[in-house]
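Next comes run-v3.cif, with mmCIF, C-alpha atoms.
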data_model
loop_
_atom_site.group_PDB
_atom_site.id
_atom_site.type_symbol
_atom_site.label_atom_id
_atom_site.label_comp_id
_atom_site.auth_asym_id
_atom_site.auth_seq_id
_atom_site.Cartn_x
_atom_site.Cartn_y
_atom_site.Cartn_z
ATOM 1 C CA MET A 1399 116.648 97.783 106.880
ATOM 2 C CA THR A 1400 120.384 98.409 106.822
ATOM 3 C CA GLN A 1401 123.402 96.763 105.215
ATOM 4 C CA GLN A 1402 127.036 97.536 104.495
ATOM 5 C CA MET A 1403 127.688 99.606 101.397
ATOM 6 C CA GLY A 1404 128.986 97.587 98.460
ATOM 7 C CA ILE A 1405 128.001 94.217 99.952
ATOM 8 C CA ASP A 1406 125.549 91.846 98.291
ATOM 9 C CA SER A 1407 122.987 90.997 100.954
ATOM 10 C CA SER A 1408 121.853 87.714 99.378
ATOM 11 C CA ALA A 1409 120.413 85.309 101.913
ATOM 12 C CA GLY A 1410 122.794 82.569 102.984
ATOM 13 C CA VAL A 1411 126.111 84.356 102.375
ATOM 14 C CA THR A 1412 128.583 84.214 105.270
ATOM 15 C CA TYR A 1413 131.199 86.913 104.796
ATOM 16 C CA ARG A 1414 134.608 87.029 106.420
ATOM 17 C CA ALA A 1415 134.857 89.740 109.067
ATOM 18 C CA GLU A 1416 137.561 91.602 107.144
ATOM 19 C CA ASP A 1417 135.205 91.968 104.166
ATOM 20 C CA THR A 1418 132.609 93.881 106.169
ATOM 21 C CA GLN A 1419 134.589 95.812 108.780
ATOM 22 C CA GLY A 1420 134.935 99.549 108.302
ATOM 23 C CA ARG A 1421 132.241 99.824 105.631
ATOM 24 C CA ALA A 1422 129.684 102.605 105.799
ATOM 25 C CA ARG A 1423 126.103 101.414 106.167
ATOM 26 C CA MET A 1424 123.179 102.219 103.927
ATOM 27 C CA MET A 1425 119.481 102.207 104.765
ATOM 28 C CA ARG A 1426 116.937 100.765 102.358
ATOM 29 C CA TYR A 1427 113.576 99.085 102.187
ATOM 30 C CA SER A 1428 113.415 95.295 102.289
ATOM 31 C CA THR A 1429 115.672 93.093 100.177
ATOM 32 C CA SER A 1430 114.924 92.003 96.604
ATOM 33 C CA ASP A 1431 116.357 88.519 97.312
ATOM 34 C CA LEU A 1432 113.960 85.802 96.155
ATOM 35 C CA ASN A 1433 115.007 83.648 99.119
ATOM 36 C CA ASP A 1434 113.927 86.234 101.647
ATOM 37 C CA GLY A 1435 110.619 86.822 103.390
ATOM 38 C CA ARG A 1436 107.665 87.833 101.266
ATOM 39 C CA ASN A 1437 109.636 87.659 97.997
ATOM 40 C CA GLY A 1438 109.447 83.849 97.765
ATOM 41 C CA PRO A 1439 105.661 83.696 97.300
ATOM 42 C CA GLY A 1440 105.644 87.131 95.662
ATOM 43 C CA ILE A 1441 107.526 85.880 92.589
ATOM 44 C CA TYR A 1442 104.519 83.629 91.924
ATOM 45 C CA GLU A 1443 102.207 86.662 91.661
ATOM 46 C CA THR A 1444 101.004 85.983 95.196
ATOM 47 C CA LEU A 1445 99.944 88.818 97.469
ATOM 48 C CA SER A 1446 102.356 88.402 100.363
ATOM 49 C CA PHE A 1447 103.316 90.294 103.499
ATOM 50 C CA ILE A 1448 105.757 90.029 106.359
ATOM 51 C CA GLN A 1449 105.330 91.216 109.924
ATOM 52 C CA GLU A 1450 108.423 91.711 112.004
ATOM 53 C CA GLY A 1451 108.490 92.313 115.734
ATOM 54 C CA ALA A 1452 111.269 94.425 117.202
ATOM 55 C CA SER A 1453 113.261 92.696 119.911
ATOM 56 C CA ARG A 1454 114.581 94.863 122.727
ATOM 57 C CA HIS A 1455 116.487 91.923 124.240
ATOM 58 C CA ASP A 1456 114.991 92.234 127.709
ATOM 59 C CA LEU A 1457 112.352 90.305 129.637
ATOM 60 C CA GLU A 1458 110.728 93.364 131.197
ATOM 61 C CA THR A 1459 109.130 94.449 127.915
ATOM 62 C CA LEU A 1460 108.327 90.933 126.674
ATOM 63 C CA LYS A 1461 104.670 91.190 127.724
ATOM 64 C CA GLU A 1462 104.216 94.521 125.943
ATOM 65 C CA ARG A 1463 105.979 93.341 122.770
ATOM 66 C CA THR A 1464 104.001 90.120 122.690
ATOM 67 C CA GLU A 1465 100.734 92.049 123.044
ATOM 68 C CA TRP A 1466 101.639 94.403 120.186
ATOM 69 C CA GLN A 1467 102.571 91.478 117.945
ATOM 70 C CA TYR A 1468 99.369 89.656 118.858
ATOM 71 C CA TYR A 1469 97.204 92.601 117.839
ATOM 72 C CA GLY A 1470 99.234 93.111 114.681
ATOM 73 C CA ILE A 1471 98.696 89.509 113.596
ATOM 74 C CA ARG A 1472 95.057 89.519 114.697
ATOM 75 C CA PHE A 1473 94.025 92.655 112.800
ATOM 76 C CA PHE A 1474 96.093 91.612 109.789
ATOM 77 C CA SER A 1475 94.328 88.240 109.694
ATOM 78 C CA GLU A 1476 90.906 89.848 110.101
ATOM 79 C CA SER A 1477 91.631 92.251 107.247
ATOM 80 C CA ILE A 1478 92.756 89.431 104.955
ATOM 81 C CA ALA A 1479 89.684 87.362 105.812
ATOM 82 C CA SER A 1480 87.308 90.239 105.136
ATOM 83 C CA HIS A 1481 88.892 90.889 101.717
ATOM 84 C CA GLY A 1482 89.407 87.248 100.779
ATOM 85 C CA GLN A 1483 87.426 87.283 97.541
ATOM 86 C CA ALA A 1484 89.135 90.429 96.267
ATOM 87 C CA ILE A 1485 92.563 88.965 97.046
ATOM 88 C CA ASN A 1486 91.744 85.664 95.330
ATOM 89 C CA ASP A 1487 90.478 87.490 92.248
ATOM 90 C CA LEU A 1488 93.547 89.739 92.152
ATOM 91 C CA VAL A 1489 96.008 86.840 92.360
ATOM 92 C CA ARG A 1490 94.076 84.648 89.925
ATOM 93 C CA ASN A 1491 93.812 87.384 87.293
ATOM 94 C CA LEU A 1492 97.483 88.339 87.620
ATOM 95 C CA ARG A 1493 98.530 84.733 87.096
ATOM 96 C CA ILE A 1494 96.268 84.274 84.092
ATOM 97 C CA GLU A 1495 97.583 87.488 82.550
ATOM 98 C CA LEU A 1496 101.210 86.484 83.151
ATOM 99 C CA VAL A 1497 100.847 82.986 81.685
ATOM 100 C CA SER A 1498 99.131 84.423 78.600
ATOM 101 C CA GLN A 1499 101.869 87.035 78.191
ATOM 102 C CA ALA A 1500 104.648 84.455 78.602
ATOM 103 C CA GLY A 1501 103.154 82.247 75.885
ATOM 104 C CA VAL A 1502 104.131 84.744 73.163
ATOM 105 C CA PHE A 1503 107.742 85.837 72.717
ATOM 106 C CA SER A 1504 108.356 89.579 72.616
ATOM 107 C CA GLU A 1505 111.601 91.539 72.801
ATOM 108 C CA SER A 1506 109.836 94.023 75.067
ATOM 109 C CA ASP A 1507 108.711 91.382 77.593
ATOM 110 C CA LEU A 1508 111.663 91.816 79.940
ATOM 111 C CA VAL A 1509 112.650 89.877 83.039
ATOM 112 C CA HIS A 1510 115.006 91.766 85.352
ATOM 113 C CA LEU A 1511 118.016 89.657 86.339
ATOM 114 C CA ARG A 1512 120.246 92.036 88.284
ATOM 115 C CA MET A 1513 119.166 94.975 90.416
ATOM 116 C CA ARG A 1514 120.806 97.525 92.670
ATOM 117 C CA TYR A 1515 119.695 99.906 95.380
ATOM 118 C CA ALA A 1516 119.624 103.533 94.247
ATOM 119 C CA ARG A 1517 118.975 106.987 95.628
ATOM 120 C CA ASP A 1518 115.815 108.986 94.986
ATOM 121 C CA GLU A 1519 116.565 112.567 93.937
ATOM 122 C CA ASN A 1520 113.157 113.591 95.286
ATOM 123 C CA GLN A 1521 114.049 112.198 98.718
ATOM 124 C CA PRO A 1522 117.849 112.389 99.088
ATOM 125 C CA SER A 1523 117.760 111.602 102.811
ATOM 126 C CA LEU A 1524 115.454 109.940 105.317
ATOM 127 C CA ILE A 1525 114.353 111.638 108.539
ATOM 128 C CA TYR A 1526 113.042 109.351 111.259
ATOM 129 C CA LYS A 1527 112.808 109.101 115.034
ATOM 130 C CA ARG A 1528 114.482 106.584 117.298
ATOM 131 C CA PHE A 1529 115.158 105.978 120.960
ATOM 132 C CA ASP A 1530 118.223 107.679 122.409
ATOM 133 C CA SER A 1531 119.980 105.299 124.758
ATOM 134 C CA SER A 1532 122.361 108.031 125.951
ATOM 135 C CA VAL A 1533 119.749 109.568 128.269
ATOM 136 C CA GLN A 1534 119.665 108.572 131.916
ATOM 137 C CA GLU A 1535 118.028 105.186 132.364
ATOM 138 C CA ILE A 1536 114.580 105.058 134.001
ATOM 139 C CA ARG A 1537 114.717 102.225 136.517
ATOM 140 C CA GLY A 1538 111.006 102.051 137.351
ATOM 141 C CA ILE A 1539 107.700 103.767 138.128
ATOM 142 C CA MET A 1540 106.660 104.243 141.765
ATOM 143 C CA ARG A 1541 103.466 102.413 142.767
ATOM 144 C CA VAL A 1542 103.160 104.321 146.080
ATOM 145 C CA ASP A 1543 104.049 107.770 147.400
ATOM 146 C CA LYS A 1544 107.550 107.991 148.875
ATOM 147 C CA LYS A 1545 109.625 110.779 150.384
ATOM 148 C CA ALA A 1546 113.339 111.316 150.115
ATOM 149 C CA GLY A 1547 115.052 109.048 152.574
ATOM 150 C CA ASP A 1548 112.208 106.483 152.711
ATOM 151 C CA PRO A 1549 113.189 102.878 151.977
ATOM 152 C CA VAL A 1550 112.080 101.572 148.597
ATOM 153 C CA TYR A 1551 111.038 97.932 148.279
ATOM 154 C CA ARG A 1552 110.757 95.782 145.153
ATOM 155 C CA ASN A 1553 106.952 95.795 145.261
ATOM 156 C CA ASP A 1554 106.969 99.612 145.409
ATOM 157 C CA ILE A 1555 108.309 99.853 141.837
ATOM 158 C CA ALA A 1556 106.737 98.790 138.532
ATOM 159 C CA PRO A 1557 108.757 98.369 135.309
ATOM 160 C CA PRO A 1558 108.447 101.471 133.104
ATOM 161 C CA PRO A 1559 106.725 101.243 129.712
ATOM 162 C CA ALA A 1560 109.212 100.872 126.864
ATOM 163 C CA SER A 1561 108.288 104.327 125.562
ATOM 164 C CA LEU A 1562 109.560 105.920 128.790
ATOM 165 C CA ARG A 1563 112.798 104.027 129.005
ATOM 166 C CA GLU A 1564 114.716 106.114 126.546
ATOM 167 C CA GLY A 1565 114.497 109.558 125.038
ATOM 168 C CA ILE A 1566 113.378 110.029 121.455
ATOM 169 C CA ILE A 1567 115.587 111.885 118.985
ATOM 170 C CA GLU A 1568 115.287 112.800 115.305
ATOM 171 C CA VAL A 1569 117.829 111.253 112.938
ATOM 172 C CA THR A 1570 118.742 112.186 109.363
ATOM 173 C CA GLU A 1571 120.009 109.231 107.319
ATOM 174 C CA LYS A 1572 122.054 110.444 104.360
ATOM 175 C CA ASN A 1573 122.879 106.984 103.003
ATOM 176 C CA TRP A 1574 119.251 106.439 102.010
ATOM 177 C CA PHE A 1575 118.643 104.104 99.035
ATOM 178 C CA PRO A 1576 114.865 103.621 98.678
ATOM 179 C CA VAL A 1577 114.809 102.653 94.989
ATOM 180 C CA VAL A 1578 115.552 99.297 93.352
ATOM 181 C CA GLU A 1579 116.562 99.633 89.697
ATOM 182 C CA PRO A 1580 117.423 96.862 87.196
ATOM 183 C CA PHE A 1581 120.658 97.039 85.229
ATOM 184 C CA ILE A 1582 120.579 93.647 83.457
ATOM 185 C CA SER A 1583 117.332 92.482 81.846
ATOM 186 C CA VAL A 1584 116.544 89.961 79.092
ATOM 187 C CA PRO A 1585 113.461 89.181 77.009
ATOM 188 C CA ARG A 1586 111.627 86.209 78.482
ATOM 189 C CA PRO A 1587 111.992 83.185 76.136
ATOM 190 C CA LEU A 1588 109.239 80.702 75.402
ATOM 191 C CA GLY A 1589 111.238 78.104 77.320
ATOM 192 C CA TYR A 1590 114.608 76.620 78.210
ATOM 193 C CA ILE A 1591 116.427 73.435 77.238
ATOM 194 C CA VAL A 1592 118.259 71.727 80.103
ATOM 195 C CA PRO A 1593 120.664 68.843 79.334
ATOM 196 C CA GLY A 1594 119.376 65.398 80.237
ATOM 197 C CA ASN A 1595 122.209 64.803 82.710
ATOM 198 C CA ARG A 1596 121.223 67.763 84.917
ATOM 199 C CA LEU A 1597 118.810 65.849 87.120
ATOM 200 C CA ASP A 1598 119.865 67.990 90.099
ATOM 201 C CA VAL A 1599 118.472 71.063 88.343
ATOM 202 C CA ILE A 1600 115.338 69.200 87.278
ATOM 203 C CA LYS A 1601 114.717 68.075 90.858
ATOM 204 C CA THR A 1602 114.855 71.689 92.024
ATOM 205 C CA LEU A 1603 112.426 72.755 89.300
ATOM 206 C CA LYS A 1604 110.114 69.863 90.209
ATOM 207 C CA ASP A 1605 110.256 70.960 93.850
ATOM 208 C CA HIS A 1606 108.887 74.297 92.642
ATOM 209 C CA CYS A 1607 106.024 72.377 90.987
ATOM 210 C CA PHE A 1608 107.010 73.457 87.478
ATOM 211 C CA GLN A 1609 105.724 71.452 84.532
ATOM 212 C CA ILE A 1610 108.671 69.841 82.765
ATOM 213 C CA GLY A 1611 108.833 68.059 79.434
ATOM 214 C CA TYR A 1612 111.529 65.980 77.822
ATOM 215 C CA PHE A 1613 112.398 65.254 74.220
ATOM 216 C CA ARG A 1614 111.240 61.802 73.119
ATOM 217 C CA GLU A 1615 113.603 61.842 70.108
ATOM 218 C CA ASP A 1616 116.630 63.684 68.718
ATOM 219 C CA THR A 1617 115.577 66.802 66.841
ATOM 220 C CA LEU A 1618 117.063 69.924 65.214
ATOM 221 C CA ILE A 1619 115.694 73.151 66.656
ATOM 222 C CA ASP A 1620 116.555 76.841 66.609
ATOM 223 C CA VAL A 1621 117.898 78.053 69.950
ATOM 224 C CA GLU A 1622 119.709 80.947 71.571
ATOM 225 C CA GLY A 1623 122.818 80.264 73.621
ATOM 226 C CA TYR A 1624 125.122 82.438 75.666
ATOM 227 C CA GLN A 1625 128.853 82.337 74.977
ATOM 228 C CA ILE A 1626 130.909 83.504 77.942
ATOM 229 C CA ILE A 1627 133.083 86.471 76.930
ATOM 230 C CA ASP A 1628 134.467 87.249 80.376
ATOM 231 C CA LEU A 1629 133.811 85.941 83.878
ATOM 232 C CA THR A 1630 135.023 86.573 87.411
ATOM 233 C CA PRO A 1631 133.771 83.879 89.816
ATOM 234 C CA ALA A 1632 132.185 84.718 93.158
ATOM 235 C CA GLU A 1633 134.313 84.486 96.279
ATOM 236 C CA TYR A 1634 131.448 83.014 98.290
ATOM 237 C CA ASP A 1635 128.796 80.367 97.892
ATOM 238 C CA TYR A 1636 125.277 81.810 97.414
ATOM 239 C CA LEU A 1637 126.631 84.719 95.346
ATOM 240 C CA PRO A 1638 126.480 85.058 91.537
ATOM 241 C CA PRO A 1639 129.720 85.608 89.616
ATOM 242 C CA GLN A 1640 131.204 89.007 90.378
ATOM 243 C CA ASN A 1641 131.236 89.705 86.654
ATOM 244 C CA ILE A 1642 129.833 87.726 83.727
ATOM 245 C CA ASP A 1643 129.748 89.104 80.189
ATOM 246 C CA VAL A 1644 127.957 87.054 77.565
ATOM 247 C CA GLU A 1645 127.291 87.182 73.837
ATOM 248 C CA LYS A 1646 124.050 85.784 72.516
ATOM 249 C CA LYS A 1647 124.433 83.166 69.781
ATOM 250 C CA THR A 1648 121.604 82.035 67.504
ATOM 251 C CA MET A 1649 122.140 78.475 66.322
ATOM 252 C CA GLU A 1650 120.489 75.350 65.023
ATOM 253 C CA LEU A 1651 121.146 72.597 67.522
ATOM 254 C CA LEU A 1652 120.593 68.854 67.628
ATOM 255 C CA VAL A 1653 118.765 68.359 70.903
ATOM 256 C CA LYS A 1654 119.133 64.838 72.241
ATOM 257 C CA ARG A 1655 116.413 62.463 73.293
ATOM 258 C CA GLY A 1656 116.064 62.782 77.068
ATOM 259 C CA ASP A 1657 116.980 66.471 77.230
ATOM 260 C CA PHE A 1658 114.488 68.543 79.193
ATOM 261 C CA TYR A 1659 112.265 71.448 78.194
ATOM 262 C CA ILE A 1660 110.887 73.972 80.693
ATOM 263 C CA SER A 1661 108.183 76.181 79.248
ATOM 264 C CA CYS A 1662 107.816 79.735 80.543
ATOM 265 C CA GLY A 1663 104.109 79.614 79.743
ATOM 266 C CA GLN A 1664 103.145 78.494 83.251
ATOM 267 C CA GLU A 1665 102.780 79.871 86.736
ATOM 268 C CA GLY A 1666 106.206 80.966 87.871
ATOM 269 C CA ALA A 1667 106.955 82.530 84.479
ATOM 270 C CA ASN A 1668 108.962 85.246 86.230
ATOM 271 C CA LEU A 1669 110.901 82.818 88.415
ATOM 272 C CA ILE A 1670 112.018 80.407 85.668
ATOM 273 C CA PRO A 1671 114.321 82.914 83.893
ATOM 274 C CA CYS A 1672 115.628 84.113 87.256
ATOM 275 C CA LEU A 1673 116.719 80.553 88.042
ATOM 276 C CA LEU A 1674 118.098 79.529 84.646
ATOM 277 C CA GLU A 1675 119.740 82.637 83.174
ATOM 278 C CA PRO A 1676 123.551 82.825 83.659
ATOM 279 C CA GLN A 1677 123.540 86.551 84.473
ATOM 280 C CA SER A 1678 120.821 86.231 87.085
ATOM 281 C CA GLN A 1679 121.524 87.712 90.484
ATOM 282 C CA TYR A 1680 119.441 84.983 92.119
ATOM 283 C CA GLY A 1681 119.928 82.070 89.713
ATOM 284 C CA LEU A 1682 121.044 78.519 90.300
ATOM 285 C CA ILE A 1683 124.466 79.622 89.068
ATOM 286 C CA ARG A 1684 125.118 81.230 92.450
ATOM 287 C CA TYR A 1685 124.984 77.921 94.343
ATOM 288 C CA TRP A 1686 128.261 76.029 94.181
ATOM 289 C CA ALA A 1687 126.456 72.720 94.671
ATOM 290 C CA TYR A 1688 125.159 72.909 91.069
ATOM 291 C CA ASN A 1689 128.611 73.549 89.565
ATOM 292 C CA LEU A 1690 127.100 75.766 86.859
ATOM 293 C CA VAL A 1691 129.783 78.466 86.637
ATOM 294 C CA PRO A 1692 131.211 78.191 83.086
ATOM 295 C CA LYS A 1693 134.658 79.042 81.764
ATOM 296 C CA LYS A 1694 135.506 81.814 79.341
ATOM 297 C CA GLY A 1695 134.540 80.758 75.813
ATOM 298 C CA ASP A 1696 131.994 78.153 76.961
ATOM 299 C CA ILE A 1697 128.354 78.100 75.894
ATOM 300 C CA PHE A 1698 126.230 78.210 79.041
ATOM 301 C CA SER A 1699 124.494 74.918 79.849
ATOM 302 C CA PHE A 1700 120.900 76.129 79.474
ATOM 303 C CA LEU A 1701 119.600 77.208 76.055
ATOM 304 C CA ARG A 1702 116.730 79.539 75.211
ATOM 305 C CA VAL A 1703 113.877 78.854 72.812
ATOM 306 C CA THR A 1704 112.300 82.023 71.407
ATOM 307 C CA LYS A 1705 110.761 80.768 68.144
ATOM 308 C CA LYS A 1706 107.511 78.791 67.956
ATOM 309 C CA GLN A 1707 108.413 75.281 66.796
ATOM 310 C CA ASN A 1708 106.933 71.818 66.832
ATOM 311 C CA LEU A 1709 108.885 70.158 69.601
ATOM 312 C CA PRO A 1710 108.651 66.396 70.252
ATOM 313 C CA ILE A 1711 107.967 66.907 73.952
ATOM 314 C CA VAL A 1712 106.265 64.560 76.389
ATOM 315 C CA PRO A 1713 105.561 65.308 80.060
ATOM 316 C CA PHE A 1714 108.384 64.344 82.377
ATOM 317 C CA LYS A 1715 107.525 61.994 85.230
ATOM 318 C CA ASN A 1716 109.786 61.184 88.116
ATOM 319 C CA TRP A 1717 109.588 57.427 87.679
ATOM 320 C CA ASP A 1718 111.721 56.875 90.772
#
Any chance you could give the structure as structure tokens?
Amino acid sequence: MTQQMGIDSSAGVTYRAEDTQGRARMMRYSTSDLNDGRNGPGIYETLSFIQEGASRHDLETLKERTEWQYYGIRFFSESIASHGQAINDLVRNLRIELVSQAGVFSESDLVHLRMRYARDENQPSLIYKRFDSSVQEIRGIMRVDKKAGDPVYRNDIAPPPASLREGIIEVTEKNWFPVVEPFISVPRPLGYIVPGNRLDVIKTLKDHCFQIGYFREDTLIDVEGYQIIDLTPAEYDYLPPQNIDVEKKTMELLVKRGDFYISCGQEGANLIPCLLEPQSQYGLIRYWAYNLVPKKGDIFSFLRVTKKQNLPIVPFKNWD
């Protein structure tokens, strides 16, 4: 995969042409965006794959490309079916292990919120082969013997295989970034408190099939909040703030009846912090529709619970 250097490739962003023109391109493996391809189910500890078929934008090779894609899907499906029990056991055990881990707060239990593509000193460049379109085009393969000067009819020529249409050359890619490394991570809390008026956020969490509770009465609890020290908003929808510096505040807070509680001790324990943390690269904060971007000095809307406490929580039902 390729993308412009210095550009966030988050799914859904539509950049202005002047923001992308003239930038060098980098090559990498697939994106880390949770909205993209296999990453959506993968964040739920699901074994997931993606198969992509190259398009050569011509009808002559459509039959060949379709046949290759058919066999790719067929053999992939047969392999999955023959290893079904092992896959089910792998996914089930990973989910059980994650839920158990998320039920106990630990400073070392980190969730990575922002990542970047990085070089690998052991593989500073990538060498690969590709078709060279600069060679003389092959127009077809003769079905019958012909001599110079003989007329050639349409039925005398068959389309050439794709592999013969262009020469093959070796390319060295110096802008090779095969590694994804985190640079902002936080300990996973036991859960999050979401204000009772944020039904738009709750609907999204319900759509992800998360279990949600709400407080049946006002209560004082110990929480962690983030005070915004500095913030530069994103220029585009679907992007997180360009810069957001926070300071963690420990406080005793009166939580109101009707406020919501989202426990991390459930399937999706990795996704919940990614959605609700203010510094998250792929959080709800990046969507303008939620209007979650705070101002400098504010305490971010969602609060963290890291201490075991008796919380007056009842399961939330969408009575509508």
Exercise: A:Ala1422 partners within 9 Å, only C-alpha atoms, chain neighbours under 6 positions left out, as a PyMOL selection string: chain A and resi 1401-1404+1573
Nearest candidate to A:Pro1710 (options A:Thr1617, A:Asn1668, A:Cys1662, A:Tyr1680; using only C-alpha atoms):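 That would be A:Thr1617, the residue with the smallest distance to A:Pro1710.
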Please, which residues in stretch 1633-1718 of chain A fall within 12 Å of stretch 1439-1442 of chain A when counting only C-alpha atoms, and what is the closest atom pair and distance in Å to one decimal for each, ordered by chain then residue number, as JSON lines?
{"residue": "A:Gln1664", "atom": "CA", "partner": "A:Tyr1442", "partner_atom": "CA", "distance": 10.2}
{"residue": "A:Glu1665", "atom": "CA", "partner": "A:Tyr1442", "partner_atom": "CA", "distance": 6.6}
{"residue": "A:Gly1666", "atom": "CA", "partner": "A:Tyr1442", "partner_atom": "CA", "distance": 5.1}
{"residue": "A:Ala1667", "atom": "CA", "partner": "A:Tyr1442", "partner_atom": "CA", "distance": 7.9}
{"residue": "A:Asn1668", "atom": "CA", "partner": "A:Ile1441", "partner_atom": "CA", "distance": 6.5}
{"residue": "A:Leu1669", "atom": "CA", "partner": "A:Ile1441", "partner_atom": "CA", "distance": 6.2}
{"residue": "A:Ile1670", "atom": "CA", "partner": "A:Ile1441", "partner_atom": "CA", "distance": 9.9}
{"residue": "A:Pro1671", "atom": "CA", "partner": "A:Ile1441", "partner_atom": "CA", "distance": 11.4}
{"residue": "A:Cys1672", "atom": "CA", "partner": "A:Ile1441", "partner_atom": "CA", "distance": 9.9}
{"residue": "A:Leu1673", "atom": "CA", "partner": "A:Ile1441", "partner_atom": "CA", "distance": 11.6}
{"residue": "A:Tyr1680", "atom": "CA", "partner": "A:Ile1441", "partner_atom": "CA", "distance": 12.0}
Atom CA of A:Tyr1515 to atom CA of A:Asn1641, straight-line distance in Å: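 Taking atom CA of A:Asn1641 and atom CA of A:Tyr1515, their separation equals 17.7 Å.
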Proximity to A:Lys1647 - best of A:Gly1663, A:Tyr1612, A:Tyr1634, A:Phe1698, all atoms listed in the file: A:Phe1698
Selection dump of the PyMOL selection byres ((chain A and resi 1552) around 12), as a list in words: Arg1537, Gly1538, Ile1539, Met1540, Arg1541, Val1542, Pro1549, Val1550, Tyr1551, Asn1553, Asp1554, Ile1555, Ala1556 and Pro1557 of chain A
Starting from 8 Å padding per side, set up an axis-aligned box that covers all listed atoms of stretch 1463-1469 of chain A and hand over centre and edge lengths in Å, one decimal, as AutoDock Vina command-line options.
--center_x 101.6 --center_y 92.0 --center_z 120.4 --size_x 24.8 --size_y 20.7 --size_z 21.2
Closest of A:Phe1474, A:Pro1558, A:Arg1614, A:Ser1661 to A:Thr1459 - atom-to-atom distances counting all atoms listed in the file: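 Closest to A:Thr1459, using all atoms listed in the file: A:Pro1558.
Evaluated against the shown file, the PyMOL selection byres ((chain A and resi 1638) around 6) gives Ala1632, Leu1637, Pro1639, Gln1679 and Arg1684 of chain A.
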Which of A:Leu1432, A:Phe1581, A:Leu1524, A:Lys1706 sits closest to A:Leu1682 [using all atoms listed in the file]: A:Leu1432
d(atom CA of A:Ile1619, atom CA of A:Ser1699) in Å: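 Between atom CA of A:Ile1619 and atom CA of A:Ser1699 the gap works out to 16.0 Å.
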Resolved residues for the PyMOL selection byres ((chain A and resi 1575) around 8) as an MDAnalysis selection string: chainID A and resid 1424:1427 1515:1518 1573:1574 1576:1577
Restricted to C-alpha atoms, what would the selected residues look like written as an mmCIF file, in the coordinates of the input?
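What landed in again.cif:
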data_model
loop_
_atom_site.group_PDB
_atom_site.id
_atom_site.type_symbol
_atom_site.label_atom_id
_atom_site.label_comp_id
_atom_site.auth_asym_id
_atom_site.auth_seq_id
_atom_site.Cartn_x
_atom_site.Cartn_y
_atom_site.Cartn_z
ATOM 1 C CA MET A 1424 123.179 102.219 103.927
ATOM 2 C CA MET A 1425 119.481 102.207 104.765
ATOM 3 C CA ARG A 1426 116.937 100.765 102.358
ATOM 4 C CA TYR A 1427 113.576 99.085 102.187
ATOM 5 C CA TYR A 1515 119.695 99.906 95.380
ATOM 6 C CA ALA A 1516 119.624 103.533 94.247
ATOM 7 C CA ARG A 1517 118.975 106.987 95.628
ATOM 8 C CA ASP A 1518 115.815 108.986 94.986
ATOM 9 C CA ASN A 1573 122.879 106.984 103.003
ATOM 10 C CA TRP A 1574 119.251 106.439 102.010
ATOM 11 C CA PRO A 1576 114.865 103.621 98.678
ATOM 12 C CA VAL A 1577 114.809 102.653 94.989
#
Å distance separating atom CA of A:Ala1409 from atom CA of A:Arg1528, one decimal place: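 Taking atom CA of A:Ala1409 and atom CA of A:Arg1528, their separation equals 26.9 Å.
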Among the residues A:Leu1445, A:Ile1591, A:Leu1652, A:Ile1471, the one that comes closest to A:Ile1485 [using only C-alpha atoms]: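 Going through A:Leu1445, A:Ile1591, A:Leu1652, A:Ile1471 one by one, the smallest distance to A:Ile1485 is for A:Leu1445.
With distances taken over all atoms listed in the file, A:Ile1697 is the one residue among A:Ile1494, A:Ile1697, A:Ile1478, A:Leu1508 lying closest to A:Ile1627.
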Long-range neighbours of A:Gly1470 as an mmCIF file with C-alpha atoms, in the frame of the given file, 10 Å cut-off, all atoms listed in the file, 4 positions minimum in chain:
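Result file follows (out13.cif):
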data_model
loop_
_atom_site.group_PDB
_atom_site.id
_atom_site.type_symbol
_atom_site.label_atom_id
_atom_site.label_comp_id
_atom_site.auth_asym_id
_atom_site.auth_seq_id
_atom_site.Cartn_x
_atom_site.Cartn_y
_atom_site.Cartn_z
ATOM 1 C CA GLN A 1449 105.330 91.216 109.924
ATOM 2 C CA GLU A 1450 108.423 91.711 112.004
ATOM 3 C CA GLY A 1451 108.490 92.313 115.734
ATOM 4 C CA THR A 1464 104.001 90.120 122.690
ATOM 5 C CA GLU A 1465 100.734 92.049 123.044
ATOM 6 C CA TRP A 1466 101.639 94.403 120.186
ATOM 7 C CA PHE A 1474 96.093 91.612 109.789
ATOM 8 C CA SER A 1475 94.328 88.240 109.694
#
Within 6 Å of A:Val1509 using only C-alpha atoms, minus same-chain residues under 6 positions, as number ranges by chain: A: 1583-1584, 1586
Give me the residues within 9 Å of A:Gly1410 as an mmCIF file with C-alpha atoms, in the coordinates of the input, counting all atoms listed in the file and dropping any in the same chain fewer than 5 places off.
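Output (around-v6.cif):
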data_model
loop_
_atom_site.group_PDB
_atom_site.id
_atom_site.type_symbol
_atom_site.label_atom_id
_atom_site.label_comp_id
_atom_site.auth_asym_id
_atom_site.auth_seq_id
_atom_site.Cartn_x
_atom_site.Cartn_y
_atom_site.Cartn_z
ATOM 1 C CA ASN A 1433 115.007 83.648 99.119
ATOM 2 C CA ASP A 1635 128.796 80.367 97.892
ATOM 3 C CA TYR A 1636 125.277 81.810 97.414
ATOM 4 C CA LEU A 1637 126.631 84.719 95.346
#
